[in-house]
Every structure is written in structure tokens, then in C-alpha cells.
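Pasted below: upload-v4.tsv, TSV, C-alpha atoms.
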chain	number	residue	atom	x	y	z
A	1	MET	CA	-17.68	-8.96	2.44
A	2	LEU	CA	-16.24	-10.61	-0.65
A	3	ILE	CA	-15.77	-14.27	0.36
A	4	ASN	CA	-14.48	-17.16	-1.72
A	5	ASN	CA	-15.85	-20.69	-1.67
A	6	ASP	CA	-13.56	-21.64	1.22
A	7	GLY	CA	-15.01	-18.96	3.47
A	8	VAL	CA	-11.82	-16.87	3.18
A	9	PRO	CA	-11.98	-13.15	2.29
A	10	ASP	CA	-11.33	-12.73	-1.44
A	11	VAL	CA	-8.16	-10.72	-1.00
A	12	VAL	CA	-7.56	-10.39	-4.76
A	13	ARG	CA	-10.86	-8.58	-5.34
A	14	LEU	CA	-10.52	-6.56	-2.15
A	15	ASP	CA	-7.05	-5.48	-3.20
A	16	ALA	CA	-8.34	-4.57	-6.66
A	17	ALA	CA	-11.01	-2.37	-5.09
A	18	ALA	CA	-8.39	-0.45	-3.10
A	19	VAL	CA	-6.07	-0.13	-6.08
A	20	LYS	CA	-8.91	1.15	-8.27
A	21	VAL	CA	-9.61	3.98	-5.85
A	22	SER	CA	-5.91	4.84	-5.68
A	23	ALA	CA	-5.71	4.94	-9.49
A	24	GLU	CA	-8.71	7.25	-9.67
A	25	LEU	CA	-6.99	9.62	-7.24
A	26	VAL	CA	-3.63	9.46	-9.01
A	27	SER	CA	-5.29	10.20	-12.35
A	28	ARG	CA	-6.24	13.63	-10.95
A	29	ILE	CA	-2.61	14.59	-10.26
A	30	THR	CA	-1.25	17.42	-12.40
A	31	ASP	CA	2.34	18.51	-12.89
A	32	ALA	CA	1.67	21.37	-10.48
A	33	ASP	CA	0.78	18.85	-7.75
A	34	LEU	CA	4.00	16.84	-7.86
A	35	ALA	CA	5.89	19.08	-5.45
A	36	ARG	CA	3.17	18.85	-2.78
A	37	PRO	CA	4.20	17.42	0.61
A	38	THR	CA	2.72	14.10	1.67
A	39	PRO	CA	2.12	12.33	4.99
A	40	CYS	CA	5.46	10.58	4.30
A	41	ALA	CA	7.68	13.35	5.68
A	42	GLY	CA	10.48	14.30	3.32
A	43	TRP	CA	8.61	12.87	0.37
A	44	THR	CA	6.86	14.95	-2.24
A	45	LEU	CA	3.90	13.60	-4.15
A	46	ALA	CA	6.32	12.83	-7.00
A	47	ASP	CA	8.41	10.68	-4.63
A	48	LEU	CA	5.33	8.87	-3.36
A	49	LEU	CA	4.07	8.27	-6.89
A	50	ALA	CA	7.43	6.74	-7.88
A	51	HIS	CA	7.35	4.45	-4.84
A	52	MET	CA	3.76	3.35	-5.38
A	53	THR	CA	4.40	2.59	-9.04
A	54	SER	CA	7.52	0.56	-8.30
A	55	GLN	CA	5.74	-1.45	-5.61
A	56	HIS	CA	3.05	-2.44	-8.09
A	57	ARG	CA	5.74	-3.59	-10.51
A	58	GLY	CA	7.55	-5.47	-7.77
A	59	PHE	CA	4.43	-7.29	-6.60
A	60	ALA	CA	3.52	-8.14	-10.20
A	61	ALA	CA	6.99	-9.66	-10.60
A	62	ALA	CA	6.54	-11.55	-7.32
A	63	ALA	CA	3.30	-13.04	-8.64
A	64	ALA	CA	5.26	-14.19	-11.69
A	65	GLY	CA	7.92	-15.83	-9.50
A	66	ASP	CA	10.54	-13.11	-10.02
A	67	GLY	CA	10.20	-11.03	-6.86
A	68	SER	CA	13.82	-11.58	-5.79
A	69	ASP	CA	15.17	-9.30	-8.54
A	70	PRO	CA	15.73	-5.84	-6.99
A	71	ARG	CA	15.33	-4.16	-10.36
A	72	HIS	CA	11.59	-4.74	-10.18
A	73	TRP	CA	11.33	-2.87	-6.86
A	74	ALA	CA	13.57	0.11	-7.62
A	75	ASP	CA	11.86	3.49	-7.34
A	76	LYS	CA	11.96	5.43	-10.61
A	77	PRO	CA	10.27	8.70	-11.59
A	78	ALA	CA	6.69	7.97	-12.64
A	79	ALA	CA	3.88	9.94	-14.21
A	80	PRO	CA	0.23	9.34	-13.29
A	81	ALA	CA	-0.19	7.33	-16.50
A	82	ASP	CA	2.70	5.07	-15.45
A	83	TYR	CA	0.99	4.44	-12.14
A	84	VAL	CA	-2.34	3.60	-13.75
A	85	SER	CA	-0.60	1.17	-16.12
A	86	ALA	CA	1.33	-0.50	-13.27
A	87	ALA	CA	-1.88	-0.76	-11.22
A	88	ALA	CA	-3.62	-2.57	-14.07
A	89	LYS	CA	-0.67	-4.96	-14.48
A	90	VAL	CA	-0.52	-5.94	-10.80
A	91	GLN	CA	-4.26	-6.60	-10.72
A	92	GLU	CA	-3.91	-8.79	-13.79
A	93	ALA	CA	-0.96	-10.61	-12.20
A	94	PHE	CA	-2.82	-11.30	-8.94
A	95	ALA	CA	-5.85	-12.60	-10.82
A	96	GLY	CA	-3.81	-15.08	-12.87
A	97	ALA	CA	-4.56	-18.78	-12.83
A	98	GLY	CA	-2.83	-20.59	-9.99
A	99	VAL	CA	-1.36	-17.44	-8.41
A	100	LEU	CA	-2.99	-18.09	-5.04
A	101	ASP	CA	-1.16	-21.41	-4.80
A	102	GLN	CA	2.24	-19.74	-5.09
A	103	GLU	CA	4.77	-18.32	-2.65
A	104	PHE	CA	5.83	-14.71	-3.19
A	105	CYS	CA	9.24	-13.15	-2.61
A	106	VAL	CA	8.47	-9.63	-1.38
A	107	LEU	CA	11.95	-8.17	-1.41
A	108	PRO	CA	11.24	-5.01	0.62
A	109	ILE	CA	10.07	-7.24	3.48
A	110	SER	CA	12.58	-10.09	3.24
A	111	ALA	CA	15.27	-11.27	0.86
A	112	THR	CA	15.31	-14.74	2.42
A	113	MET	CA	11.67	-15.57	3.23
A	114	THR	CA	8.73	-16.17	0.94
A	115	PHE	CA	5.08	-15.65	1.79
A	116	PRO	CA	1.88	-17.48	0.80
A	117	ALA	CA	0.16	-15.57	-1.98
A	118	ARG	CA	-2.88	-14.55	0.09
A	119	GLN	CA	-0.63	-13.14	2.80
A	120	ALA	CA	1.55	-11.27	0.29
A	121	ILE	CA	-1.49	-9.81	-1.46
A	122	GLY	CA	-2.72	-8.78	1.99
A	123	PHE	CA	0.53	-6.81	2.39
A	124	HIS	CA	-0.17	-5.12	-0.93
A	125	LEU	CA	-3.75	-4.40	0.09
A	126	VAL	CA	-2.82	-2.61	3.30
A	127	ASP	CA	-0.09	-0.68	1.47
A	128	TYR	CA	-2.54	0.69	-1.07
A	129	VAL	CA	-5.28	1.43	1.42
A	130	THR	CA	-2.65	3.51	3.21
A	131	HIS	CA	-0.93	5.01	0.18
A	132	GLY	CA	-4.30	5.92	-1.31
A	133	TRP	CA	-4.94	7.85	1.90
A	134	ASP	CA	-1.52	9.50	1.53
A	135	VAL	CA	-2.36	10.68	-1.98
A	136	ALA	CA	-5.82	11.89	-0.99
A	137	ARG	CA	-4.42	13.89	1.92
A	138	SER	CA	-1.70	15.38	-0.25
A	139	LEU	CA	-4.27	16.50	-2.81
A	140	GLY	CA	-6.88	17.53	-0.24
A	141	GLN	CA	-9.34	15.06	-1.77
A	142	PRO	CA	-11.93	12.89	-0.01
A	143	TYR	CA	-11.04	9.23	0.39
A	144	GLU	CA	-13.57	6.44	0.80
A	145	LEU	CA	-13.20	2.68	0.57
A	146	PRO	CA	-15.73	-0.13	1.01
A	147	GLN	CA	-15.96	-1.27	4.61
A	148	ASP	CA	-15.01	-4.84	3.73
A	149	VAL	CA	-11.74	-3.58	2.23
A	150	LEU	CA	-11.03	-1.62	5.40
A	151	ASP	CA	-11.91	-4.53	7.67
A	152	VAL	CA	-9.38	-6.85	6.04
A	153	ALA	CA	-6.74	-4.10	5.84
A	154	LEU	CA	-7.19	-3.47	9.56
A	155	ARG	CA	-6.47	-7.13	10.33
A	156	VAL	CA	-3.22	-6.89	8.38
A	157	ALA	CA	-2.24	-3.56	9.98
A	158	ILE	CA	-2.81	-4.96	13.48
A	159	ALA	CA	-0.47	-7.86	12.67
A	160	VAL	CA	2.43	-5.65	11.52
A	161	PRO	CA	5.05	-5.82	14.31
A	162	ASP	CA	5.69	-2.62	16.23
A	163	GLY	CA	8.77	-1.73	18.27
A	164	GLU	CA	12.24	-0.25	17.94
A	165	ALA	CA	12.74	-1.71	14.47
A	166	ARG	CA	10.27	0.88	13.19
A	167	ARG	CA	12.64	3.66	14.29
A	168	ALA	CA	15.39	2.48	11.94
A	169	PRO	CA	16.16	4.75	8.96
A	170	ASP	CA	15.04	2.09	6.46
A	171	ALA	CA	11.93	0.98	8.37
A	172	SER	CA	8.86	0.36	6.24
A	173	PHE	CA	6.60	2.05	8.80
A	174	ALA	CA	7.05	4.61	11.55
A	175	PRO	CA	6.01	3.57	15.07
A	176	ARG	CA	2.31	3.25	15.75
A	177	VAL	CA	0.56	6.47	16.71
A	178	PRO	CA	-1.33	5.91	19.98
A	179	GLY	CA	-4.80	7.15	20.85
A	180	TYR	CA	-6.85	5.79	17.95
A	181	ASP	CA	-8.01	2.39	19.23
A	182	GLY	CA	-11.65	3.47	19.21
A	183	ALA	CA	-11.44	5.55	16.04
A	184	ALA	CA	-13.00	4.89	12.64
A	185	THR	CA	-11.46	1.94	10.81
A	186	LEU	CA	-9.41	3.98	8.33
A	187	ASP	CA	-8.01	6.21	11.07
A	188	ARG	CA	-7.02	3.10	13.03
A	189	ILE	CA	-5.24	1.64	10.00
A	190	VAL	CA	-3.16	4.73	9.23
A	191	ALA	CA	-2.32	5.24	12.93
A	192	LEU	CA	-1.22	1.61	13.26
A	193	LEU	CA	1.11	2.21	10.31
A	194	GLY	CA	2.72	5.32	11.75
A	195	ARG	CA	0.62	8.11	10.29
A	196	ARG	CA	-1.34	10.74	12.17
A	197	PRO	CA	-4.95	10.78	10.96
A	198	SER	CA	-4.93	14.55	11.61
A	199	TRP	CA	-2.29	15.20	8.93
A	200	PRO	CA	-1.41	17.73	7.47
A	201	ALA	CA	-1.48	19.46	10.85
A	202	LEU	CA	1.21	17.19	12.36
A	203	PRO	CA	3.65	15.76	9.80
A	204	TRP	CA	6.17	13.06	10.65
A	205	ARG	CA	9.05	11.21	9.05
A	206	HIS	CA	8.77	8.90	6.08
A	207	ALA	CA	6.65	5.82	6.72
A	208	GLY	CA	6.65	3.60	3.64
As C-alpha cells:
Amino acid sequence: MLINNDGVPDVVRLDAAAVKVSAELVSRITDADLARPTPCAGWTLADLLAHMTSQHRGFAAAAAGDGSDPRHWADKPAAPADYVSAAAKVQEAFAGAGVLDQEFCVLPISATMTFPARQAIGFHLVDYVTHGWDVARSLGQPYELPQDVLDVALRVAIAVPDGEARRAPDASFAPRVPGYDGAATLDRIVALLGRRPSWPALPWRHAG
């Protein structure tokens, strides 16, 4: 596992590894693919691509101390090239000098709280492990990530609160899908975050 000098997982490099795989997948998307359904029920691949791109921009703004501005988080139509550009910018932002000493405002999670940088980047990591899976499933492509990336993402996914709040219309994740406690790490992650690893056989509502 990528470890820094303090014995803490190097979440910036782990996140970059997940984002790189997602960018490679997105770069294969053609115009004909944009209307495909995704594991986020009600969302086409075009909708998912817009969301993923905006989240990169929002997190990059958060790393720069400007995460409280909703304009950075707003979903806008995005082409694959826009996504790849936004992915490069967020990786650059996370790797900046002194970023890990900062607090991030992650507006989709809270407008009033801030989060230590490592924790916020952990949120981003688990999002892009999961959204990369969403894209791969939508395209019918294989999806593989290094085990150390999955191990850290699983820790974050386990810590995401479950309960009735996940049934709200604006919930970030659908309720956890039971029955995957002994499954492979990636299946556990997506089930913890409200997705059925068997998709596309059993779609469900949007889980951001």
C-alpha cells in the first residue's frame, strides 16, 4: 500500500490512481454511448459524466479554499474531454504544496462543516472508485483497481452513515444493499453505497 512517512495511507496518490482509471474509461465514451442507462437509476451516461466532471471541479475549488461557492459544484453538460481535463486539474490541486494541512468545504456534504484534507480526499476517492464502476458497467467494460486503492475506499464506504436519511430524494447514496459482507472488496464497496453489484440486471434509483 502507498504509505507516507507518518505511516498513513497516501490518499492523494491512491485517489489519483482511481481517477486515472476513471479517465481511461471515460475517454472511450462516444456520442452514441451518452444515452446509455447507468447504475444511477434515472441517469444516462451523459448525466453521470456531467456529475463526475462537476465534482472534480468542486473538489479542486475546495482544495483552493473556495469550496463554499455552489457554482463550482453545479452539474453542467460535459464531454469526455471535459472530464479528462477536470480530472487532471483535481489531481494537480490535491498534490499542491500545503494542501494536506487545509480544511475543505465539501458543499454537497455540508454547507456548514469543513473536513480535514485527508478525510475530504478520502470522500473523493470513494466517489471515483464507485463512479468508475458506474461508467464501466454502463459501457460493459471491465473495471480493475489496485487492491490498496480498494482497501482504503472500503474503509471510507464502511464509515458512510446508513439509515433513513439515505431514502431522501436528495440523498447522496441509496441505502446499503445487504448480502455482500463476504464479497470481493469492490462488490462490498458498491453495495455499501447503495448499488447492486449484479447491475444491470437489477437497477435502482439514483445513488450519487
Report as CSV: every residue of region 47-123 of chain A with an atom at most 8 Å from region 11-33 of chain A, its closest pair of atoms, and their distance in Å to one decimal, counting only C-alpha atoms, with rows sorted by chain and ascending residue number.
residue,atom,partner,partner_atom,distance
A:Pro80,CA,A:Ser27,CA,5.7
A:Ala81,CA,A:Ser27,CA,7.2
A:Tyr83,CA,A:Ala23,CA,7.2
A:Val84,CA,A:Ala23,CA,5.6
A:Ala87,CA,A:Val19,CA,6.7
A:Gln91,CA,A:Ala16,CA,6.1
A:Phe94,CA,A:Val12,CA,6.4
A:Ala95,CA,A:Val12,CA,6.7
A:Arg118,CA,A:Val11,CA,6.6
A:Ile121,CA,A:Val11,CA,6.7
A:Gly122,CA,A:Val11,CA,6.5
Sphere at (13.8, -8.8, -6.9), radius 12 Å, counting only C-alpha atoms: residues as number ranges by chain: A: 54-55, 57-74, 104-112, 114
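Nearest residue to Thr185 (chain A), choosing from A:Thr44, A:Thr130, A:Gln102, A:Gln147 and counting all atoms listed in the file: A:Gln147.
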Residue neighbourhood Pro197 (chain A), 8 Å, all atoms listed in the file, exclusion window fewer than 6 positions, as a list in words: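 Contacts, with the query itself left out: Asp187, Val190 and Ala191 of chain A.
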Atomic distance CA of Val177 (chain A) - CA of Arg195 (chain A), expressed in Å with one decimal: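 Computing the Euclidean distance for CA of Val177 (chain A) and CA of Arg195 (chain A) yields 6.6 Å.
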Shell of 12 Å around Leu186 (chain A), all atoms listed in the file, local chain residues under 6 positions omitted, as a list in words: Val126, Val129, Thr130, His131, Gly132, Trp133, Asp134, Tyr143, Glu144, Leu145, Pro146, Gln147, Asp148, Val149, Leu150, Asp151, Val152, Ala153, Leu154, Arg155, Ala157, Tyr180, Leu192, Leu193, Arg195, Arg196, Pro197 and Ser198 of chain A
Computed interatomic separation between CA of Ala50 (chain A) and CA of Ser138 (chain A) (Å): 14.7 Å
Give me the residues within 10 Å of Leu48 (chain A) as a PDB file with C-alpha atoms, in the coordinates of the input, counting all atoms listed in the file and dropping any in the same chain fewer than 2 places off.
ATOM      1  CA  LEU A  34       4.000  16.840  -7.860  1.00  0.00           C
ATOM      2  CA  PRO A  37       4.200  17.420   0.610  1.00  0.00           C
ATOM      3  CA  THR A  38       2.720  14.100   1.670  1.00  0.00           C
ATOM      4  CA  PRO A  39       2.120  12.330   4.990  1.00  0.00           C
ATOM      5  CA  CYS A  40       5.460  10.580   4.300  1.00  0.00           C
ATOM      6  CA  TRP A  43       8.610  12.870   0.370  1.00  0.00           C
ATOM      7  CA  THR A  44       6.860  14.950  -2.240  1.00  0.00           C
ATOM      8  CA  LEU A  45       3.900  13.600  -4.150  1.00  0.00           C
ATOM      9  CA  ALA A  46       6.320  12.830  -7.000  1.00  0.00           C
ATOM     10  CA  ALA A  50       7.430   6.740  -7.880  1.00  0.00           C
ATOM     11  CA  HIS A  51       7.350   4.450  -4.840  1.00  0.00           C
ATOM     12  CA  MET A  52       3.760   3.350  -5.380  1.00  0.00           C
ATOM     13  CA  THR A  53       4.400   2.590  -9.040  1.00  0.00           C
ATOM     14  CA  SER A  54       7.520   0.560  -8.300  1.00  0.00           C
ATOM     15  CA  ASP A  75      11.860   3.490  -7.340  1.00  0.00           C
ATOM     16  CA  PRO A  77      10.270   8.700 -11.590  1.00  0.00           C
ATOM     17  CA  ALA A  78       6.690   7.970 -12.640  1.00  0.00           C
ATOM     18  CA  HIS A 131      -0.930   5.010   0.180  1.00  0.00           C
ATOM     19  CA  ASP A 134      -1.520   9.500   1.530  1.00  0.00           C
ATOM     20  CA  VAL A 135      -2.360  10.680  -1.980  1.00  0.00           C
ATOM     21  CA  GLY A 208       6.650   3.600   3.640  1.00  0.00           C
TER      22      GLY A 208
END
Residue among A:Met113, A:Pro175, A:Gly140, A:Gly42 lying closest to Pro200 (chain A), counting only C-alpha atoms: A:Gly140
Nearest to Ser85 (chain A) by atom-to-atom distance, counting all atoms listed in the file, from A:Ala183, A:His56, A:Gly194, A:Ala35: A:His56
Length of the CA of Arg36 (chain A) to CA of Ala88 (chain A) vector [Å]: 25.1 Å
